[in-house]
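This report concerns only the one structure given below.
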Amino acid sequence: MWNANRAVVTILFLTLAASSVAQNPKPPPTARQTTRKMSYPAINSIVRQIDARNIERTIRQLVAFGTRNTLSEQNDPKRGIGAARDWLYAEFLKAAETSGGRMTVEKQSYEQPKAARVPQPTIITNVVATLKGSQPEATDRIYVVSGHYDSMCNSPMDAKCDAPGANDDASGTAAVLEMARVMAKFEFDATIVFMAVAGEEQSLLGSTHFAEQAKQKNWTIEAMFTNDIVGNTLGGNGIRNRNSVRVFSEGVPTNETTAEANTRRSVGGENDSPSRQLARFVKETAELLVPQMNVMMVYRRDRYGRGGDHIPFLERGYPAVRFTEVNEDFRHQHQNVRVQNGVQYGDLPQFVDFAYVANVARVNAAALAMLAYAPAKPKGVTLISRLSDDTELRWEANKEPDLYGYEIVWRDTTWATWQGVKSAGNVMSFTLKGMSKDNYFFGVRAVDKEGNRSPVTFPRPVTRNQPADRTSTTSANP
Ligand SMILES: [Zn+2]
């Protein structure tokens with residue numbers, strides 16, 4: 001069935017691609033067209049099973065702990081961050097029971113020494129549910145999705161005030177728990193980590209600890225999503241938006257080396273970091289599988305001058321993006337609960353749109369499922385730098401047994417998303433005749449036999465006749 005569809009799709013593309021080259025600058029077909037004929041029954045089932053009622057229940061329960069400030073009580077069963085931690089742990093364990101032993105849950109704790117927002121040594125605990133991938137070639141490949149379960153009111157140091165944190169960030173935490181509940185029953189090739197972290201408001205402490213542990217253990221984290229403030233649909237500006245979510249991604253990698261910067265200045269690529277490819281991947285996957293939602297890509301690491309739990313991952317070289325609602329209302333973030341001049345302040349559940357949180361969870365879940373079913377993004381992708389009207393790409397072979405092959409994608413250099421696609425087959429190099437590398441950006445992605453596609457890898461240049469290996473990176477011809 002899929003073979004027939006694929007053949008039709010491929011012919012469609014080849015035809016459209018050929019005509020677009022001939023009639024340049026008419027835009028080539030969009031990447032969305034390439035996948036329209038494929039069906040993804042498992043991912044559709046995941047998207048359908050995500051339930052706003054579970055998300056509402058989680059948010060109300062987290063709010064009911066009074067405060068989840070990281071400095072609050074750790075041993076009271078009813079109030080404080082310790083009660084929230086234990087409740088989340090028990091909920092993730094319930095999800096794990098349906099996984100046939102593939103999901104394990106742990107409390108990842110460490111003692112945070114005194115710091116700017118930590119007046120005395122404090123235990124920080126992340127609740128981490130790991131759904132192990134079943135394909136031996138893919139199980140070491142990890143995708144992480146997180147929300148932070150700590151909260152604050154006006155002062156991050158105030159451990160006593162009521163800090164409901166319904167939106168910031170019970171919303172993100174509830175989305176992650178709901179994804180774990182639904183996805184635990186599905187068997188993926190690669191591994192997915194569902195995580196609720198603490199210490200975000202104390203300066204990203206829990207996420208930093210997790211990312212540093214991952215780096216020290218040499219984990220292959222190929223994508224990380226943080227969901228933070230994903231529940232409010234009526235902005236402080238009075239604008240209501242229930243069907244868009246912002247996905248923030250950096251253009252230039254936080255950990256870019258001097259050599260990589262020199263290459264980028266020579267051939268471009270300030271809009272093609274692995275995190276930006278991840279944002280495009282999320283947008284394309286949502287268009288295909290969660291059509292009620294629009295992904296608004298924002299070309300920034302985070303909101304203006306602000307930060308989140310994806311940053312410690314970026315600092316360690318892991319691709320990562322942030323999900324946040326489109327219009328925030330600052331009367332309901334980091335505020336003591338109070339009425340002032342007739343205005344209700346505070347991060348209360350009445351200002352959370354639970355159906356919207358469910359849709360954000362669906363966008364996350366569709367992208368995570370596609371990532372964990374698909375082959376790894378291609379490695380060692382190079383573009384041969386020589387004077388030619390053609391574009392030659394090379395890459396290393398993927399190792400997954402269900403690999404179908406590779407697709408070449410391209411776009412105009414000023415375009416936000418991939419516009420054209422050409423199936424290359426199961427090969428390790430491909431030449432686009434008559435398409436100049438000077439006029440487009442190119443990338444390569446891997447596809448499996450069910451049509452699951454990896455994110456795109458942006459090539460680095462190598463000069464002609466040099467082997468396509470890591471030692472041969474050069475800048476372009478002068
Ligand atoms: Zn937050």
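Chains: A, B, ... in order of the structure tokens. Residues: from 1 per chain. Ligands: from 1, in order shown.
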
Expected selection as a list of chain:residue names for ligand 1 within 8 Å, only C-alpha atoms and all ligand atoms: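 These are the residues that qualify: A:His148, A:Ser151, A:Asp168, A:Asp169, A:Glu200, A:Glu201, A:Asp228, A:Ile229, A:Gly308.
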
Store the residues picked out above in a file with all heavy atoms, as a PDB file, in the first residue's frame.
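Below is the file selection-v9.pdb, written as the result:
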```
ATOM      1  N   HIS A 148       8.373  22.038  33.726  1.00  0.00           N
ATOM      2  CA  HIS A 148       8.905  22.180  35.105  1.00  0.00           C
ATOM      3  C   HIS A 148       7.748  22.248  36.093  1.00  0.00           C
ATOM      4  O   HIS A 148       6.769  22.955  35.874  1.00  0.00           O
ATOM      5  CB  HIS A 148       9.868  23.365  35.227  1.00  0.00           C
ATOM      6  CG  HIS A 148       9.272  24.738  35.161  1.00  0.00           C
ATOM      7  ND1 HIS A 148       8.748  25.377  36.269  1.00  0.00           N
ATOM      8  CD2 HIS A 148       9.145  25.618  34.136  1.00  0.00           C
ATOM      9  CE1 HIS A 148       8.323  26.587  35.922  1.00  0.00           C
ATOM     10  NE2 HIS A 148       8.548  26.758  34.632  1.00  0.00           N
ATOM     11  N   SER A 151       7.182  26.143  41.017  1.00  0.00           N
ATOM     12  CA  SER A 151       6.431  27.377  40.759  1.00  0.00           C
ATOM     13  C   SER A 151       6.985  28.491  41.649  1.00  0.00           C
ATOM     14  O   SER A 151       7.813  28.251  42.525  1.00  0.00           O
ATOM     15  CB  SER A 151       4.934  27.164  41.045  1.00  0.00           C
ATOM     16  OG  SER A 151       4.727  26.911  42.424  1.00  0.00           O
ATOM     17  N   ASP A 168       2.324  28.311  34.601  1.00  0.00           N
ATOM     18  CA  ASP A 168       3.793  28.276  34.668  1.00  0.00           C
ATOM     19  C   ASP A 168       4.222  27.457  35.877  1.00  0.00           C
ATOM     20  O   ASP A 168       4.410  27.995  36.948  1.00  0.00           O
ATOM     21  CB  ASP A 168       4.323  29.714  34.756  1.00  0.00           C
ATOM     22  CG  ASP A 168       5.833  29.775  34.710  1.00  0.00           C
ATOM     23  OD1 ASP A 168       6.472  28.752  34.422  1.00  0.00           O
ATOM     24  OD2 ASP A 168       6.374  30.860  35.002  1.00  0.00           O
ATOM     25  N   ASP A 169       4.387  26.137  35.798  1.00  0.00           N
ATOM     26  CA  ASP A 169       4.265  25.445  34.540  1.00  0.00           C
ATOM     27  C   ASP A 169       3.572  24.110  34.772  1.00  0.00           C
ATOM     28  O   ASP A 169       4.038  23.073  34.338  1.00  0.00           O
ATOM     29  CB  ASP A 169       5.665  25.282  33.924  1.00  0.00           C
ATOM     30  CG  ASP A 169       5.652  24.537  32.595  1.00  0.00           C
ATOM     31  OD1 ASP A 169       4.690  24.718  31.840  1.00  0.00           O
ATOM     32  OD2 ASP A 169       6.586  23.773  32.353  1.00  0.00           O
ATOM     33  N   GLU A 200      13.512  25.187  38.057  1.00  0.00           N
ATOM     34  CA  GLU A 200      13.566  26.056  36.870  1.00  0.00           C
ATOM     35  C   GLU A 200      13.624  27.511  37.298  1.00  0.00           C
ATOM     36  O   GLU A 200      14.444  28.281  36.804  1.00  0.00           O
ATOM     37  CB  GLU A 200      12.349  25.796  35.970  1.00  0.00           C
ATOM     38  CG  GLU A 200      12.501  26.332  34.542  1.00  0.00           C
ATOM     39  CD  GLU A 200      12.051  27.773  34.349  1.00  0.00           C
ATOM     40  OE1 GLU A 200      11.460  28.371  35.275  1.00  0.00           O
ATOM     41  OE2 GLU A 200      12.290  28.323  33.263  1.00  0.00           O
ATOM     42  N   GLU A 201      12.739  27.877  38.227  1.00  0.00           N
ATOM     43  CA  GLU A 201      12.665  29.287  38.658  1.00  0.00           C
ATOM     44  C   GLU A 201      13.878  29.681  39.506  1.00  0.00           C
ATOM     45  O   GLU A 201      14.103  30.855  39.755  1.00  0.00           O
ATOM     46  CB  GLU A 201      11.370  29.530  39.464  1.00  0.00           C
ATOM     47  CG  GLU A 201      10.087  29.091  38.762  1.00  0.00           C
ATOM     48  CD  GLU A 201       9.705  29.947  37.548  1.00  0.00           C
ATOM     49  OE1 GLU A 201      10.521  30.800  37.118  1.00  0.00           O
ATOM     50  OE2 GLU A 201       8.595  29.740  37.031  1.00  0.00           O
ATOM     51  N   ASP A 228       6.701  25.167  28.398  1.00  0.00           N
ATOM     52  CA  ASP A 228       6.706  26.075  29.541  1.00  0.00           C
ATOM     53  C   ASP A 228       5.769  27.240  29.223  1.00  0.00           C
ATOM     54  O   ASP A 228       6.034  28.016  28.311  1.00  0.00           O
ATOM     55  CB  ASP A 228       8.150  26.562  29.772  1.00  0.00           C
ATOM     56  CG  ASP A 228       8.333  27.169  31.147  1.00  0.00           C
ATOM     57  OD1 ASP A 228       7.331  27.361  31.852  1.00  0.00           O
ATOM     58  OD2 ASP A 228       9.499  27.462  31.492  1.00  0.00           O
ATOM     59  N   ILE A 229       4.667  27.324  29.998  1.00  0.00           N
ATOM     60  CA  ILE A 229       3.628  28.340  29.784  1.00  0.00           C
ATOM     61  C   ILE A 229       2.887  28.023  28.478  1.00  0.00           C
ATOM     62  O   ILE A 229       2.978  28.740  27.491  1.00  0.00           O
ATOM     63  CB  ILE A 229       4.207  29.775  29.799  1.00  0.00           C
ATOM     64  CG1 ILE A 229       5.115  29.963  31.027  1.00  0.00           C
ATOM     65  CG2 ILE A 229       3.105  30.812  29.795  1.00  0.00           C
ATOM     66  CD1 ILE A 229       5.726  31.340  31.171  1.00  0.00           C
ATOM     67  N   GLY A 308      14.839  29.285  29.448  1.00  0.00           N
ATOM     68  CA  GLY A 308      14.046  28.121  29.821  1.00  0.00           C
ATOM     69  C   GLY A 308      14.909  26.862  29.848  1.00  0.00           C
ATOM     70  O   GLY A 308      16.117  26.909  29.594  1.00  0.00           O
TER      71      GLY A 308
END
```

Non-local contacts of Arg85 in chain A (9 Å; only C-alpha atoms; under 2 positions in same chain excluded) as a VMD selection string: chain A and resid 68 74 80 to 83 87 to 90 107 125 to 127 149 196 198

Would you save the residues from that selection as a compact mmCIF listing (two decimals), in the first residue's frame, using all heavy atoms?
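This is the output file again-v6.txt:
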```txt
# COMPACT_ATOMS: atom_id res chain seq x y z
N ARG A 68 4.64 25.04 44.91
CA ARG A 68 5.64 24.06 44.46
C ARG A 68 6.98 24.77 44.31
O ARG A 68 7.82 24.37 43.50
CB ARG A 68 5.20 23.39 43.15
CG ARG A 68 3.82 22.75 43.25
CD ARG A 68 3.41 22.00 41.99
NE ARG A 68 3.52 22.77 40.77
CZ ARG A 68 2.63 23.66 40.32
NH1 ARG A 68 1.54 23.92 41.04
NH2 ARG A 68 2.83 24.30 39.18
N GLN A 74 9.62 19.69 51.65
CA GLN A 74 9.89 18.48 50.85
C GLN A 74 9.26 17.23 51.46
O GLN A 74 9.19 16.19 50.80
CB GLN A 74 11.39 18.26 50.69
CG GLN A 74 12.09 19.43 50.04
CD GLN A 74 13.10 19.01 48.97
OE1 GLN A 74 13.26 17.85 48.67
NE2 GLN A 74 13.77 19.99 48.39
N GLY A 80 3.51 21.70 49.27
CA GLY A 80 4.91 21.93 48.94
C GLY A 80 5.40 21.06 47.81
O GLY A 80 4.69 20.18 47.30
N ILE A 81 6.63 21.31 47.42
CA ILE A 81 7.17 20.65 46.22
C ILE A 81 7.36 19.14 46.42
O ILE A 81 7.26 18.37 45.46
CB ILE A 81 8.48 21.32 45.75
CG1 ILE A 81 8.85 20.81 44.35
CG2 ILE A 81 9.61 21.11 46.77
CD1 ILE A 81 9.77 21.69 43.57
N GLY A 82 7.58 18.73 47.69
CA GLY A 82 7.76 17.28 47.94
C GLY A 82 6.48 16.50 47.64
O GLY A 82 6.51 15.42 47.04
N ALA A 83 5.34 17.08 48.02
CA ALA A 83 4.05 16.41 47.75
C ALA A 83 3.81 16.32 46.24
O ALA A 83 3.33 15.29 45.73
CB ALA A 83 2.92 17.18 48.43
N TRP A 87 3.49 12.84 44.05
CA TRP A 87 2.28 12.60 43.26
C TRP A 87 2.65 12.34 41.79
O TRP A 87 2.14 11.41 41.17
CB TRP A 87 1.33 13.80 43.38
CG TRP A 87 0.04 13.57 42.66
CD1 TRP A 87 -1.06 12.88 43.12
CD2 TRP A 87 -0.28 14.00 41.32
NE1 TRP A 87 -2.04 12.87 42.15
CE2 TRP A 87 -1.59 13.53 41.04
CE3 TRP A 87 0.39 14.72 40.35
CZ2 TRP A 87 -2.23 13.78 39.82
CZ3 TRP A 87 -0.24 14.96 39.13
CH2 TRP A 87 -1.53 14.50 38.88
N LEU A 88 3.54 13.16 41.25
CA LEU A 88 3.96 12.98 39.85
C LEU A 88 4.63 11.62 39.65
O LEU A 88 4.38 10.92 38.67
CB LEU A 88 4.91 14.11 39.42
CG LEU A 88 4.24 15.46 39.15
CD1 LEU A 88 5.29 16.57 39.09
CD2 LEU A 88 3.43 15.41 37.85
N TYR A 89 5.48 11.25 40.60
CA TYR A 89 6.17 9.96 40.52
C TYR A 89 5.15 8.83 40.44
O TYR A 89 5.23 7.93 39.58
CB TYR A 89 7.08 9.81 41.73
CG TYR A 89 7.83 8.51 41.80
CD1 TYR A 89 8.86 8.23 40.91
CD2 TYR A 89 7.52 7.56 42.78
CE1 TYR A 89 9.56 7.02 40.97
CE2 TYR A 89 8.21 6.36 42.86
CZ TYR A 89 9.22 6.09 41.95
OH TYR A 89 9.91 4.90 42.02
N ALA A 90 4.12 8.89 41.30
CA ALA A 90 3.09 7.84 41.31
C ALA A 90 2.30 7.84 39.99
O ALA A 90 1.95 6.77 39.47
CB ALA A 90 2.14 8.07 42.50
N LYS A 107 13.25 8.99 40.39
CA LYS A 107 13.46 10.34 40.91
C LYS A 107 14.96 10.60 40.81
O LYS A 107 15.75 9.91 41.44
CB LYS A 107 13.01 10.41 42.37
CG LYS A 107 11.52 10.24 42.57
CD LYS A 107 11.20 10.27 44.07
CE LYS A 107 9.73 9.98 44.34
NZ LYS A 107 9.46 9.82 45.79
N THR A 125 14.86 17.53 42.71
CA THR A 125 14.47 16.22 42.18
C THR A 125 13.72 16.37 40.86
O THR A 125 12.70 17.06 40.80
CB THR A 125 13.56 15.47 43.19
OG1 THR A 125 14.27 15.34 44.43
CG2 THR A 125 13.21 14.08 42.67
N ASN A 126 14.24 15.72 39.83
CA ASN A 126 13.52 15.58 38.56
C ASN A 126 12.80 14.23 38.58
O ASN A 126 13.37 13.24 39.01
CB ASN A 126 14.49 15.58 37.38
CG ASN A 126 15.31 16.86 37.29
OD1 ASN A 126 14.82 17.94 37.60
ND2 ASN A 126 16.56 16.74 36.86
N VAL A 127 11.56 14.22 38.11
CA VAL A 127 10.85 12.95 37.95
C VAL A 127 10.97 12.56 36.47
O VAL A 127 10.54 13.30 35.58
CB VAL A 127 9.37 13.06 38.37
CG1 VAL A 127 8.69 11.70 38.29
CG2 VAL A 127 9.29 13.61 39.80
N TYR A 149 7.87 21.45 37.16
CA TYR A 149 6.76 21.38 38.11
C TYR A 149 6.92 22.32 39.28
O TYR A 149 6.01 22.45 40.10
CB TYR A 149 6.52 19.92 38.56
CG TYR A 149 7.55 19.30 39.48
CD1 TYR A 149 7.36 19.29 40.87
CD2 TYR A 149 8.69 18.70 38.97
CE1 TYR A 149 8.29 18.70 41.71
CE2 TYR A 149 9.62 18.10 39.81
CZ TYR A 149 9.43 18.11 41.18
OH TYR A 149 10.35 17.53 42.02
N ALA A 196 9.54 15.71 34.35
CA ALA A 196 9.09 16.89 35.09
C ALA A 196 10.27 17.34 35.94
O ALA A 196 10.74 16.59 36.79
CB ALA A 196 7.89 16.54 35.97
N ALA A 198 12.51 20.19 38.41
CA ALA A 198 12.38 21.21 39.47
C ALA A 198 13.49 22.25 39.30
O ALA A 198 14.38 22.10 38.47
CB ALA A 198 12.45 20.54 40.84
```

10 Å contact set for Ala279 in chain A, only C-alpha atoms, chain neighbours under 6 positions out, as an MDAnalysis selection string: chainID A and resid 225 246:250 273 285 295:299 319:323 367 417 455

Export, as a PDB file, in the first residue's frame, the selected residues with N, CA and C atoms.
```
ATOM      1  N   PHE A 225      12.464  18.941  23.823  1.00  0.00           N
ATOM      2  CA  PHE A 225      11.374  19.923  23.801  1.00  0.00           C
ATOM      3  C   PHE A 225      11.110  20.356  25.239  1.00  0.00           C
ATOM      4  N   ARG A 246       3.835  28.934  19.869  1.00  0.00           N
ATOM      5  CA  ARG A 246       5.165  29.385  19.450  1.00  0.00           C
ATOM      6  C   ARG A 246       6.191  28.283  19.693  1.00  0.00           C
ATOM      7  N   VAL A 247       7.065  28.097  18.723  1.00  0.00           N
ATOM      8  CA  VAL A 247       8.204  27.197  18.902  1.00  0.00           C
ATOM      9  C   VAL A 247       9.467  28.033  18.691  1.00  0.00           C
ATOM     10  N   PHE A 248      10.190  28.252  19.766  1.00  0.00           N
ATOM     11  CA  PHE A 248      11.411  29.059  19.735  1.00  0.00           C
ATOM     12  C   PHE A 248      12.608  28.178  19.414  1.00  0.00           C
ATOM     13  N   SER A 249      13.443  28.640  18.480  1.00  0.00           N
ATOM     14  CA  SER A 249      14.660  27.889  18.167  1.00  0.00           C
ATOM     15  C   SER A 249      15.785  28.859  17.848  1.00  0.00           C
ATOM     16  N   GLU A 250      16.988  28.489  18.251  1.00  0.00           N
ATOM     17  CA  GLU A 250      18.134  29.337  17.952  1.00  0.00           C
ATOM     18  C   GLU A 250      18.578  29.114  16.513  1.00  0.00           C
ATOM     19  N   SER A 273      20.658  25.823  12.000  1.00  0.00           N
ATOM     20  CA  SER A 273      21.194  25.017  13.102  1.00  0.00           C
ATOM     21  C   SER A 273      20.357  23.749  13.272  1.00  0.00           C
ATOM     22  N   THR A 285       5.393  18.343  10.860  1.00  0.00           N
ATOM     23  CA  THR A 285       4.676  17.208  11.452  1.00  0.00           C
ATOM     24  C   THR A 285       3.310  17.642  11.954  1.00  0.00           C
ATOM     25  N   VAL A 295       1.864  25.990  13.973  1.00  0.00           N
ATOM     26  CA  VAL A 295       3.137  26.183  14.677  1.00  0.00           C
ATOM     27  C   VAL A 295       3.770  27.482  14.186  1.00  0.00           C
ATOM     28  N   MET A 296       3.921  28.414  15.109  1.00  0.00           N
ATOM     29  CA  MET A 296       4.514  29.717  14.797  1.00  0.00           C
ATOM     30  C   MET A 296       5.991  29.643  15.174  1.00  0.00           C
ATOM     31  N   MET A 297       6.824  29.460  14.166  1.00  0.00           N
ATOM     32  CA  MET A 297       8.260  29.406  14.462  1.00  0.00           C
ATOM     33  C   MET A 297       8.747  30.805  14.835  1.00  0.00           C
ATOM     34  N   VAL A 298       9.503  30.894  15.915  1.00  0.00           N
ATOM     35  CA  VAL A 298      10.131  32.162  16.284  1.00  0.00           C
ATOM     36  C   VAL A 298      11.637  31.958  16.213  1.00  0.00           C
ATOM     37  N   TYR A 299      12.284  32.840  15.462  1.00  0.00           N
ATOM     38  CA  TYR A 299      13.729  32.716  15.238  1.00  0.00           C
ATOM     39  C   TYR A 299      14.496  33.355  16.396  1.00  0.00           C
ATOM     40  N   PRO A 319      20.272  19.500  20.238  1.00  0.00           N
ATOM     41  CA  PRO A 319      19.232  20.327  19.619  1.00  0.00           C
ATOM     42  C   PRO A 319      18.016  20.429  20.542  1.00  0.00           C
ATOM     43  N   ALA A 320      17.451  21.635  20.679  1.00  0.00           N
ATOM     44  CA  ALA A 320      16.344  21.817  21.615  1.00  0.00           C
ATOM     45  C   ALA A 320      15.507  23.025  21.216  1.00  0.00           C
ATOM     46  N   VAL A 321      14.197  22.945  21.477  1.00  0.00           N
ATOM     47  CA  VAL A 321      13.295  24.063  21.208  1.00  0.00           C
ATOM     48  C   VAL A 321      12.357  24.256  22.396  1.00  0.00           C
ATOM     49  N   ARG A 322      11.755  25.446  22.441  1.00  0.00           N
ATOM     50  CA  ARG A 322      10.810  25.778  23.502  1.00  0.00           C
ATOM     51  C   ARG A 322       9.416  25.999  22.937  1.00  0.00           C
ATOM     52  N   PHE A 323       8.411  25.377  23.561  1.00  0.00           N
ATOM     53  CA  PHE A 323       6.996  25.603  23.231  1.00  0.00           C
ATOM     54  C   PHE A 323       6.392  26.568  24.254  1.00  0.00           C
ATOM     55  N   ALA A 367       5.190  14.980  16.957  1.00  0.00           N
ATOM     56  CA  ALA A 367       6.597  15.154  16.574  1.00  0.00           C
ATOM     57  C   ALA A 367       7.481  14.106  17.255  1.00  0.00           C
ATOM     58  N   THR A 417      10.726  27.594   5.379  1.00  0.00           N
ATOM     59  CA  THR A 417      10.571  26.143   5.489  1.00  0.00           C
ATOM     60  C   THR A 417      11.027  25.477   4.195  1.00  0.00           C
ATOM     61  N   PRO A 455      14.311  14.486  11.030  1.00  0.00           N
ATOM     62  CA  PRO A 455      14.616  15.890  10.755  1.00  0.00           C
ATOM     63  C   PRO A 455      15.699  15.974   9.672  1.00  0.00           C
TER      64      PRO A 455
END
```

CA of Lys422 in chain A to CA of Asp189 in chain A, straight-line distance in Å: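 Here the two named atoms are 25.2 Å from each other.
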
Top pick for closest residue to Trp418 in chain A, considering A:Lys283, A:Lys437, A:Arg331, A:Pro291 and counting only C-alpha atoms: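 Closest to Trp418 in chain A, using only C-alpha atoms: A:Lys283.
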
Backbone DSSP call of helix (DSSP H, G or I) for range 70-122 of chain A, listed as a list in words: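 Assigned to helix (DSSP H, G or I), within range 70-122 of chain A: Ile81, Gly82, Ala83, Ala84, Arg85, Asp86, Trp87, Leu88, Tyr89, Ala90, Glu91, Phe92, Leu93, Lys94, Ala95 and Ala96 of chain A.
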
At most 10 Å is the cut-off: for each residue in range 300-356 of chain A with any atom that close to an atom of range 34-54 of chain A, write down the nearest atom pair and the distance in Å rounded to one decimal, counting only C-alpha atoms, chain first then increasing number, as a tab-separated table.
```
residue	atom	partner	partner_atom	distance
A:Asp353	CA	A:Ala52	CA	9.2
A:Phe354	CA	A:Ala52	CA	5.6
A:Ala355	CA	A:Ala52	CA	5.2
A:Tyr356	CA	A:Ala52	CA	8.1
```

Pairwise distance for CA of Leu371 in chain A and CA of Asn241 in chain A, rounded to one decimal in Å: 27.5 Å

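The nearest approach to Val176 in chain A among the residues A:Met435, A:Val339, A:Met293, A:Ala365, with only C-alpha atoms taken into account, belongs to A:Ala365.
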